[in-house]
>>> print(open('entry.txt').read())   # compact mmCIF, C-alpha atoms
# COMPACT_ATOMS: atom_id res chain seq x y z
CA SER G 1 -39.81 1.13 -55.09
CA GLY G 2 -37.55 -1.70 -54.06
CA ALA G 3 -34.59 0.07 -55.62
CA ALA G 4 -35.60 3.29 -53.93
CA TRP G 5 -35.81 1.46 -50.56
CA ALA G 6 -32.42 -0.11 -51.11
CA ARG G 7 -30.97 3.28 -52.05
CA GLY G 8 -32.52 4.81 -48.95
CA LEU G 9 -31.02 2.06 -46.84
CA LEU G 10 -27.62 2.51 -48.40
CA SER G 11 -27.84 6.26 -47.96
CA TRP G 12 -28.56 5.68 -44.27
CA ALA G 13 -25.67 3.27 -44.10
CA ARG G 14 -23.17 5.77 -45.47
CA PRO G 15 -19.83 5.18 -43.78
CA GLU G 16 -18.74 8.85 -44.12
CA ARG G 17 -21.58 9.93 -41.91
CA TRP G 18 -20.40 7.56 -39.18
CA LEU G 19 -16.75 8.49 -39.40
CA ALA G 20 -17.51 12.21 -39.40
CA SER G 21 -16.50 12.67 -35.77
CA GLY G 22 -13.22 10.90 -36.41
CA SER G 23 -13.74 8.25 -33.72
CA PHE G 24 -13.74 4.58 -34.54
CA PHE G 25 -16.92 3.85 -32.54
CA PRO G 26 -19.29 6.63 -33.56
CA LEU G 27 -22.38 5.20 -31.82
CA SER G 28 -21.67 7.14 -28.65
CA CYS G 29 -25.31 7.15 -27.60
CA ILE G 30 -25.12 3.41 -26.80
CA HIS G 31 -23.14 2.70 -23.62
CA THR G 32 -20.87 -0.18 -24.50
CA SER G 33 -19.62 -0.85 -20.99
CA THR G 34 -17.04 -3.62 -21.06
CA SER G 35 -14.65 -3.02 -18.18
CA LEU G 36 -16.34 -0.17 -16.30
CA GLN G 37 -19.42 -2.20 -15.50
CA LYS G 38 -19.64 -1.18 -11.89
CA ILE G 39 -19.06 2.45 -11.03
CA GLY G 40 -18.31 2.17 -7.35
CA LYS G 41 -20.32 3.86 -4.62
CA TRP G 42 -17.48 6.14 -3.65
CA GLU G 43 -17.20 7.55 -7.16
CA LYS G 44 -20.94 8.18 -7.24
CA LYS G 45 -20.73 10.30 -4.08
CA ASN G 46 -19.19 13.10 -6.09
CA ARG G 47 -22.32 13.34 -8.20
CA ILE G 48 -24.79 14.41 -5.50
CA VAL G 49 -26.07 17.94 -5.98
CA TYR G 50 -27.49 19.80 -3.01
CA PRO G 51 -30.29 22.35 -3.46
CA PRO G 52 -29.09 25.95 -3.38
CA GLN G 53 -28.56 27.28 0.12
CA LEU G 54 -30.77 29.97 1.61
CA PRO G 55 -29.08 33.33 2.31
CA GLY G 56 -29.14 32.89 6.11
CA GLU G 57 -27.63 29.39 6.24
CA PRO G 58 -23.95 28.84 7.09
CA ARG G 59 -21.87 27.92 4.08
CA ARG G 60 -21.73 24.21 3.46
CA PRO G 61 -18.06 23.14 3.07
CA ALA G 62 -17.15 21.46 -0.20
CA GLU G 63 -16.65 17.69 -0.07
CA ILE G 64 -14.50 15.83 -2.55
CA TYR G 65 -14.54 12.04 -2.78
CA HIS G 66 -11.71 10.25 -4.51
CA CYS G 67 -10.46 6.69 -4.59
CA ARG G 68 -8.07 4.37 -6.32
CA ARG G 69 -8.95 0.76 -7.02
CA GLU G 70 -6.87 -2.42 -7.18
CA ILE G 71 -3.64 -1.10 -5.70
CA LYS G 72 -1.05 -3.87 -5.46
CA TYR G 73 -0.61 -3.66 -1.68
CA SER G 74 -2.06 -5.28 1.41
CA LYS G 75 -5.13 -3.65 2.94
CA ASP G 76 -3.81 -4.12 6.47
CA LYS G 77 -0.52 -2.41 5.67
CA MET G 78 -2.32 0.38 3.84
CA TRP G 79 -4.58 0.88 6.84
CA TYR G 80 -1.67 2.14 8.94
CA LEU G 81 -1.04 4.93 6.43
CA ALA G 82 -4.73 5.77 6.21
CA LYS G 83 -4.86 5.97 10.01
CA LEU G 84 -1.81 8.26 9.99
CA ILE G 85 -3.33 10.93 7.77
CA LYS G 86 -6.87 10.82 9.14
CA GLY G 87 -7.84 14.30 10.34
CA MET G 88 -4.73 16.09 9.09
CA SER G 89 -4.60 19.04 6.75
CA ILE G 90 -3.64 18.12 3.23
CA ASP G 91 -0.22 19.80 3.39
CA GLN G 92 0.72 17.98 6.56
CA ALA G 93 -0.51 14.70 5.12
CA LEU G 94 1.56 15.16 1.96
CA ALA G 95 4.64 15.99 4.04
CA GLN G 96 4.23 12.87 6.20
CA LEU G 97 3.69 10.64 3.19
CA GLU G 98 6.67 12.02 1.31
CA PHE G 99 9.09 10.91 3.99
CA SER G 100 7.41 7.61 4.81
CA ASP G 101 9.24 4.50 3.69
CA LYS G 102 6.13 2.48 2.88
CA LYS G 103 5.14 1.48 -0.65
CA GLY G 104 1.57 2.65 -0.16
CA ALA G 105 2.73 6.15 0.80
CA LYS G 106 3.63 6.95 -2.80
CA VAL G 107 0.23 5.75 -4.03
CA ILE G 108 -1.71 7.70 -1.40
CA LYS G 109 0.31 10.82 -2.19
CA GLU G 110 -0.68 10.56 -5.86
CA VAL G 111 -4.32 10.07 -4.89
CA LEU G 112 -4.24 13.13 -2.62
CA LEU G 113 -2.66 15.31 -5.30
CA GLU G 114 -5.24 14.15 -7.85
CA ALA G 115 -8.04 14.87 -5.41
CA GLN G 116 -6.62 18.32 -4.67
CA GLU G 117 -6.50 19.15 -8.36
CA MET G 118 -10.04 17.84 -8.85
CA ALA G 119 -11.19 20.02 -5.97
CA VAL G 120 -9.73 23.18 -7.45
CA ARG G 121 -10.89 22.42 -10.99
CA ASN G 122 -14.35 20.91 -10.58
CA HIS G 123 -15.57 21.49 -7.06
CA ASN G 124 -15.10 25.24 -6.73
CA VAL G 125 -12.51 25.19 -3.98
CA GLU G 126 -10.70 28.50 -3.67
CA PHE G 127 -7.48 27.59 -1.89
CA LYS G 128 -5.91 24.22 -2.45
CA SER G 129 -4.30 24.27 1.00
CA ASN G 130 -7.61 24.90 2.72
CA LEU G 131 -8.55 21.21 2.63
CA HIS G 132 -8.41 18.60 5.31
CA ILE G 133 -8.88 14.85 5.25
CA ALA G 134 -12.20 13.96 6.80
CA GLU G 135 -12.19 10.25 5.97
CA SER G 136 -9.51 7.92 4.69
CA GLN G 137 -10.22 4.22 4.45
CA THR G 138 -8.92 1.09 2.80
CA GLY G 139 -10.88 -1.74 1.30
CA ARG G 140 -10.13 -5.23 0.12
CA GLY G 141 -9.52 -5.61 -3.59
CA ARG G 142 -9.68 -8.79 -5.65
CA TYR G 143 -7.40 -11.52 -4.36
CA VAL G 144 -5.77 -14.05 -6.67
CA LYS G 145 -4.62 -17.46 -5.45
CA ARG G 146 -1.28 -18.65 -6.67
CA LEU G 147 1.02 -21.61 -6.07
CA ARG G 148 4.13 -21.09 -3.99
CA CYS G 149 6.71 -23.84 -4.53
CA HIS G 150 8.70 -25.11 -1.55
CA GLY G 151 11.44 -27.73 -1.50
CA LYS G 152 10.92 -31.49 -1.92
CA GLY G 153 8.01 -31.01 -4.28
CA MET G 154 5.82 -29.39 -1.65
CA PHE G 155 3.69 -26.40 -2.46
CA GLY G 156 1.46 -23.99 -0.70
CA MET G 157 -1.24 -21.63 -1.89
CA MET G 158 -0.51 -17.95 -1.51
CA LYS G 159 -2.88 -15.12 -2.19
CA ILE G 160 -1.81 -12.02 -4.11
CA SER G 161 -3.70 -9.27 -2.34
CA ARG G 162 -4.81 -5.94 -3.67
CA CYS G 163 -6.58 -3.08 -1.96
CA HIS G 164 -8.63 0.02 -2.64
CA TYR G 165 -8.01 3.40 -1.04
CA PHE G 166 -10.78 5.93 -0.39
CA VAL G 167 -10.34 9.53 0.71
CA LYS G 168 -12.78 12.36 1.45
CA LEU G 169 -11.43 15.90 1.44
CA VAL G 170 -13.45 18.67 3.06
CA GLU G 171 -12.79 22.36 2.66
CA GLY G 172 -11.71 24.24 5.73
CA PRO G 173 -9.08 23.91 8.44
CA PRO G 174 -8.78 20.52 10.15
CA PRO G 175 -10.96 20.07 13.22
CA PRO G 176 -9.08 20.37 16.55
CA PRO G 177 -8.22 17.01 18.11
CA GLU G 178 -10.49 15.85 20.90
CA PRO G 179 -8.94 16.20 24.35
CA PRO G 180 -8.51 12.86 26.12
CA LYS G 181 -11.23 11.95 28.58
CA THR G 182 -10.31 12.81 32.15
CA GLY G 183 -11.06 10.58 35.10
CA PHE G 184 -13.39 13.21 36.47
CA GLU G 185 -15.46 13.12 33.25
CA GLN G 186 -15.69 9.37 33.38
CA ALA G 187 -16.76 9.46 37.01
CA LYS G 188 -19.43 12.05 36.23
CA GLU G 189 -20.74 9.87 33.41
CA TYR G 190 -20.88 6.84 35.68
CA VAL G 191 -22.82 8.73 38.33
CA GLN G 192 -25.21 10.02 35.66
CA GLN G 193 -25.81 6.49 34.41
CA LEU G 194 -26.64 5.40 37.93
CA ARG G 195 -29.07 8.29 38.32
CA ASN G 196 -30.80 7.49 35.04
CA ARG G 197 -31.92 4.11 36.29
CA THR G 198 -35.68 3.81 36.79
CA LEU G 199 -38.00 1.17 38.13
CA VAL G 200 -39.84 -0.72 35.43
CA HIS G 201 -43.16 -2.44 35.61
CA THR G 202 -44.21 -0.49 38.71
CA LEU G 203 -46.71 2.19 39.56
CA VAL F 1 18.05 -33.33 -29.81
CA LEU F 2 15.36 -34.73 -27.54
CA VAL F 3 14.40 -32.49 -24.67
CA LEU F 4 12.46 -34.19 -21.88
CA LEU F 5 10.26 -31.72 -20.08
CA ARG F 6 9.10 -32.79 -16.65
CA SER F 7 5.96 -31.12 -15.51
CA PRO F 8 6.88 -28.48 -12.92
CA LEU F 9 4.26 -29.58 -10.36
CA PRO F 10 4.04 -33.21 -9.31
CA ARG F 11 0.45 -34.32 -9.65
CA LEU F 12 -1.54 -34.59 -6.45
CA GLY F 13 -1.95 -38.37 -6.73
CA VAL F 14 1.79 -38.96 -7.09
CA LEU F 15 2.43 -36.64 -4.14
CA LEU F 16 -0.03 -38.45 -1.91
CA GLN F 17 1.43 -41.83 -2.88
CA ARG F 18 4.87 -40.62 -1.91
CA CYS F 19 3.64 -39.23 1.42
CA TRP F 20 1.74 -42.44 2.23
CA GLY F 21 4.79 -44.56 1.32
CA ARG F 22 6.93 -42.49 3.65
CA LEU F 23 4.45 -42.87 6.50
CA GLU F 24 4.24 -46.63 6.06
CA ARG F 25 7.98 -47.00 6.07
CA GLY F 26 8.21 -44.95 9.24
CA LEU F 27 10.28 -42.13 7.66
CA TRP F 28 7.92 -39.49 9.07
CA PRO F 29 7.67 -40.19 12.76
CA GLY F 30 6.83 -36.63 13.75
CA VAL F 31 3.96 -36.07 11.30
CA PHE F 32 1.10 -36.18 13.79
CA GLY F 33 3.12 -34.52 16.52
CA GLY F 34 3.39 -37.83 18.29
CA GLN F 35 -0.22 -37.64 19.44
CA SER F 36 -1.74 -40.70 17.81
CA PRO F 37 -0.35 -42.73 14.93
CA PRO F 38 -3.11 -43.74 12.54
CA TRP F 39 -2.77 -47.47 12.89
CA GLY F 40 -1.47 -47.99 16.43
CA PRO F 41 -3.73 -49.41 19.06
CA ALA F 42 -4.90 -46.64 21.40
CA VAL F 43 -3.67 -47.27 24.88
CA ALA F 44 -5.75 -45.65 27.65
CA VAL F 45 -4.13 -45.97 31.02
CA GLN F 46 -5.93 -44.63 34.13
CA GLY F 47 -4.06 -44.95 37.38
CA PRO F 48 -2.21 -48.07 38.42
CA VAL F 49 -3.44 -51.04 36.41
CA LEU F 50 -3.40 -54.52 38.00
CA VAL F 51 -2.70 -56.73 35.04
CA PRO F 52 -3.36 -60.36 35.92
CA GLN F 53 0.03 -61.92 35.29
CA GLY F 54 1.92 -64.90 36.52
CA ILE F 55 4.32 -64.64 39.53
CA ASN F 56 7.31 -65.04 37.18
CA GLY F 57 6.30 -62.29 34.84
CA ALA F 58 5.47 -59.79 37.63
CA GLY F 59 9.01 -58.34 37.80
CA GLU F 60 9.43 -58.06 34.05
CA SER F 61 6.11 -56.31 33.38
CA SER F 62 6.93 -53.36 35.68
CA ALA F 63 9.93 -52.27 33.57
CA GLU F 64 8.29 -51.60 30.21
CA PRO F 65 10.00 -49.62 27.48
CA PRO F 66 8.78 -46.03 27.35
CA SER F 67 5.80 -45.68 25.01
CA LEU F 68 5.80 -43.59 21.89
CA LEU F 69 3.94 -40.80 23.71
CA GLU F 70 6.88 -39.96 26.01
CA SER F 71 9.82 -39.95 23.61
CA VAL F 72 8.39 -37.40 21.17
CA VAL F 73 9.04 -33.63 21.45
CA TRP F 74 5.82 -31.63 21.94
CA MET F 75 5.65 -28.50 19.74
CA ALA F 76 3.87 -25.31 20.76
CA ALA F 77 0.57 -24.76 19.00
CA PRO F 78 -2.28 -22.35 19.57
CA LYS F 79 -5.10 -23.78 21.63
CA GLN F 80 -7.86 -21.41 20.64
CA ARG F 81 -8.52 -19.26 17.63
CA ARG F 82 -7.65 -15.63 18.28
CA THR F 83 -10.81 -13.59 17.93
CA ILE F 84 -10.90 -10.55 15.70
CA GLU F 85 -11.29 -8.31 18.76
CA VAL F 86 -8.06 -9.63 20.24
CA ASN F 87 -6.34 -9.36 16.88
CA ARG F 88 -7.49 -5.77 16.49
CA CYS F 89 -6.19 -4.83 19.95
CA ARG F 90 -2.79 -6.13 18.94
CA ARG F 91 -2.69 -4.69 15.43
CA ARG F 92 -3.98 -1.24 16.41
CA HIS F 93 -1.88 -0.77 19.52
CA PRO F 94 -0.27 2.71 19.58
CA THR F 95 3.24 1.21 19.38
CA LYS F 96 2.33 -0.42 16.06
CA LEU F 97 0.89 2.71 14.48
CA ILE F 98 3.11 4.91 12.31
CA GLU F 99 4.50 7.89 14.24
CA VAL F 100 3.94 11.42 13.05
CA LYS F 101 7.30 12.86 11.96
CA ARG F 102 8.16 16.21 13.45
CA ASN F 103 11.47 16.79 11.63
CA ILE F 104 10.16 18.05 8.30
CA ASP F 105 11.15 21.55 7.18
CA VAL F 106 11.07 23.68 4.06
CA CYS F 107 14.28 23.97 2.02
CA PRO F 108 15.29 27.66 1.86
CA GLU F 109 16.77 27.25 -1.63
CA CYS F 110 14.02 25.59 -3.63
CA GLY F 111 11.04 25.59 -1.29
CA ASN F 112 10.48 21.83 -1.36
CA LEU F 113 10.09 19.78 1.80
CA LYS F 114 13.15 18.25 3.39
CA GLN F 115 14.00 16.39 6.56
CA LYS F 116 16.16 18.33 8.99
CA HIS F 117 19.11 15.95 8.98
CA VAL F 118 18.94 15.07 5.25
CA LEU F 119 19.85 17.08 2.16
CA CYS F 120 16.98 18.45 0.11
CA GLY F 121 16.08 15.87 -2.54
CA TYR F 122 15.42 18.39 -5.27
CA CYS F 123 18.63 20.34 -4.78
CA TYR F 124 20.62 17.11 -4.60
CA ALA F 125 19.11 15.88 -7.85
CA LYS F 126 19.87 19.23 -9.48
CA VAL F 127 23.53 19.10 -8.46
CA LYS F 128 23.78 15.44 -9.43
CA GLU F 129 22.55 16.18 -12.95
CA GLU F 130 25.04 19.02 -13.42
CA THR F 131 27.86 16.83 -12.12
CA ARG F 132 26.92 14.14 -14.59
CA LEU F 133 27.14 16.59 -17.49
CA ILE F 134 30.53 17.84 -16.27
CA ARG F 135 31.75 14.26 -16.10
CA VAL F 136 30.56 13.69 -19.68
CA GLU F 137 32.68 16.68 -20.78
CA ILE F 138 35.68 15.34 -18.86
CA TYR F 139 35.29 11.97 -20.56
CA LYS F 140 35.10 13.61 -23.97
CA LYS F 141 38.30 15.52 -23.24
CA LYS F 142 40.13 12.45 -21.96
CA GLY F 143 39.57 10.52 -25.16
CA GLY F 144 39.44 7.10 -23.54
CA PRO F 145 39.28 5.27 -20.23
CA PHE F 146 42.14 5.41 -17.70
CA ASN F 147 43.52 8.68 -19.11
CA ALA F 148 42.69 10.93 -16.14
CA PRO F 149 45.26 13.75 -15.87
CA ALA F 150 46.94 14.11 -12.50
CA VAL F 151 45.94 17.78 -12.12
CA GLU F 152 42.98 19.68 -10.68
CA THR F 153 39.93 20.38 -12.78
CA VAL F 154 38.36 23.82 -13.15
CA VAL F 155 34.87 24.19 -14.61
CA LEU F 156 34.23 27.38 -16.58
CA TYR F 157 30.85 28.46 -17.86
CA GLU F 158 29.88 30.89 -20.60
CA GLY F 159 31.77 34.13 -20.64
CA GLU F 160 34.43 33.09 -18.15
CA LYS F 161 38.14 32.99 -18.83
CA PRO F 162 40.85 31.04 -17.05
CA THR F 163 42.73 33.20 -14.54
CA GLU F 164 46.42 33.07 -13.58
CA LYS F 165 45.69 30.69 -10.75
CA ASP F 166 44.31 28.10 -13.21
CA GLU F 167 47.63 27.72 -15.08
CA GLY F 168 48.45 24.04 -14.73
CA LYS F 169 44.88 22.84 -14.21
CA GLN F 170 42.59 20.97 -16.55
CA ILE F 171 39.87 23.31 -17.83
CA ILE F 172 36.40 22.00 -18.64
CA GLU F 173 34.01 24.23 -20.58
CA ARG F 174 30.28 23.96 -20.04
CA ALA F 175 28.01 25.66 -22.56
CA ARG F 176 25.58 27.26 -20.18
CA LYS F 177 25.24 30.07 -17.71
CA ARG F 178 26.89 29.55 -14.35
CA PRO F 179 24.29 28.16 -11.92
CA SER F 180 23.72 30.31 -8.85
CA TRP F 181 24.67 27.56 -6.44
CA PHE F 182 28.06 26.88 -8.08
CA VAL F 183 30.19 29.64 -6.63
CA GLN F 184 33.42 30.49 -8.45
CA ASN F 185 36.28 30.50 -5.95
>>> encode(input="entry.txt", output="structure tokens")
Amino acid sequence: SGAAWARGLLSWARPERWLASGSFFPLSCIHTSTSLQKIGKWEKKNRIVYPPQLPGEPRRPAEIYHCRREIKYSKDKMWYLAKLIKGMSIDQALAQLEFSDKKGAKVIKEVLLEAQEMAVRNHNVEFKSNLHIAESQTGRGRYVKRLRCHGKGMFGMMKISRCHYFVKLVEGPPPPPEPPKTGFEQAKEYVQQLRNRTLVHTL
Amino acid sequence: VLVLLRSPLPRLGVLLQRCWGRLERGLWPGVFGGQSPPWGPAVAVQGPVLVPQGINGAGESSAEPPSLLESVVWMAAPKQRRTIEVNRCRRRHPTKLIEVKRNIDVCPECGNLKQKHVLCGYCYAKVKEETRLIRVEIYKKKGGPFNAPAVETVVLYEGEKPTEKDEGKQIIERARKRPSWFVQN
């Protein structure tokens, strides 16, 4: 029975059975997460599934979340580009970024093209031009402190900064820009605030 | 051969010793901005001081040499930390934001985007590549550097023959169809 047990064990431990799929690590059921330990919140936003819409409801526009992590650029400098393309249609944003001289413009353009392709492939978007940028933000990546050598044996500490870039594409034409607030509107609001005042702690 | 390798960064202790030595010897007078040297007696003068002195020394004490506090140049330095609100107002001012470019058009030849006053990037790259191949052919024909013939060059593509006008000119053959943008005479 011992020999039979050993044979059974060896038959279970057959290497051909493991290498059948052709991959080196065949135990795909176990998640061996080494580098992708934290799947960021922005990536998880693509996974939400809404319940099916009722026939009378207006069509919910498709939302696509995409991001790129640890871009070798400063978050403050990247913010200017993110502010530029906020609220634009995707074609206009790509045009502006193509002719911008900034380093981050190339990166953001790649991210937008990837997101557009993802939208058409996975998120059931009909026309790739019918997207606009609802949100575009930058975040701080991991900083690394390094020595910067000056003359006379002096040194300073510099930080090598990296940033993340997040973008949310929504199907549909871009929303019209808000008209600037007129003086008359502001005056009306002020008068309304004065009228809303009440007496407290009284009868 | 002995190679002496000095460590690229001087150790912190050695650095501090050097700095302290310099301070003691007075080679760094402007280190503290002239505000208060670490070992000088602090002199606090408020208004005219009546120092009890003898009648002989009264005239000499009035003309004192100027103290260290007056002969040093005061450098500008911020008084208060700039708050993040103030910093944001400066960084996000409309003049600092990137302007939206209004001079972007579509190239009629290839359909890519181009700026109005600049050549289309795609078409330029296309022409550049073809020119490079023509130059390779010219180099092959020359047979060496500095052998450029002193005549015009005519580029002929597949199925084209040199005409009477191209008698004395250098003829370069390219093994492909004539591109639509390269008009023949």
>>> residues_around(input="entry.txt", residues="segment 120-125 of chain F", least_positions_apart="2", cutoff="10 Å", atoms="only C-alpha atoms", output="mmCIF file with C-alpha atoms, in the frame of the given file")
data_model
loop_
_atom_site.group_PDB
_atom_site.id
_atom_site.type_symbol
_atom_site.label_atom_id
_atom_site.label_comp_id
_atom_site.auth_asym_id
_atom_site.auth_seq_id
_atom_site.Cartn_x
_atom_site.Cartn_y
_atom_site.Cartn_z
ATOM 1 C CA ASP F 105 11.150 21.550 7.180
ATOM 2 C CA VAL F 106 11.070 23.680 4.060
ATOM 3 C CA CYS F 107 14.280 23.970 2.020
ATOM 4 C CA PRO F 108 15.290 27.660 1.860
ATOM 5 C CA GLU F 109 16.770 27.250 -1.630
ATOM 6 C CA CYS F 110 14.020 25.590 -3.630
ATOM 7 C CA GLY F 111 11.040 25.590 -1.290
ATOM 8 C CA ASN F 112 10.480 21.830 -1.360
ATOM 9 C CA LEU F 113 10.090 19.780 1.800
ATOM 10 C CA LYS F 114 13.150 18.250 3.390
ATOM 11 C CA GLN F 115 14.000 16.390 6.560
ATOM 12 C CA LYS F 116 16.160 18.330 8.990
ATOM 13 C CA HIS F 117 19.110 15.950 8.980
ATOM 14 C CA VAL F 118 18.940 15.070 5.250
ATOM 15 C CA VAL F 127 23.530 19.100 -8.460
ATOM 16 C CA LYS F 128 23.780 15.440 -9.430
ATOM 17 C CA GLU F 129 22.550 16.180 -12.950
ATOM 18 C CA GLU F 130 25.040 19.020 -13.420
ATOM 19 C CA THR F 131 27.860 16.830 -12.120
ATOM 20 C CA TRP F 181 24.670 27.560 -6.440
#
>>> atom_distance(input="entry.txt", atom1="atom CA of Val111 of chain G", atom2="atom CA of Gly172 of chain G")
19.2 Å
>>> interface_residues(input="entry.txt", of="chain F", to="chain G", cutoff="8 Å", atoms="only C-alpha atoms", output="ChimeraX atom specification")
/F:9-10,15,97-101,104,113,115
>>> atom_distance(input="entry.txt", atom1="atom CA of Tyr65 of chain G", atom2="atom CA of His93 of chain F")
28.7 Å
>>> residues_around(input="entry.txt", residues="segment 140-154 of chain F", least_positions_apart="3", cutoff="7 Å", atoms="only C-alpha atoms", output="VMD selection string")
chain F and resid 136 to 137 169 to 172
>>> closest_residue(input="entry.txt", among="F:Arg135, F:Leu156, F:Lys79, F:Pro162", to="Ala175 of chain F", atoms="all atoms listed in the file")
F:Leu156
>>> atom_distance(input="entry.txt", atom1="atom CA of Lys177 of chain F", atom2="atom CA of Tyr157 of chain F")
5.8 Å
>>> residues_around(input="entry.txt", residues="Arg140 of chain G", least_positions_apart="5", cutoff="7 Å", atoms="only C-alpha atoms", output="count of residues only")
4
>>> closest_residue(input="entry.txt", among="G:His123, G:Arg142, G:Lys86, G:Arg148", to="Glu70 of chain G", atoms="all atoms listed in the file")
G:Arg142
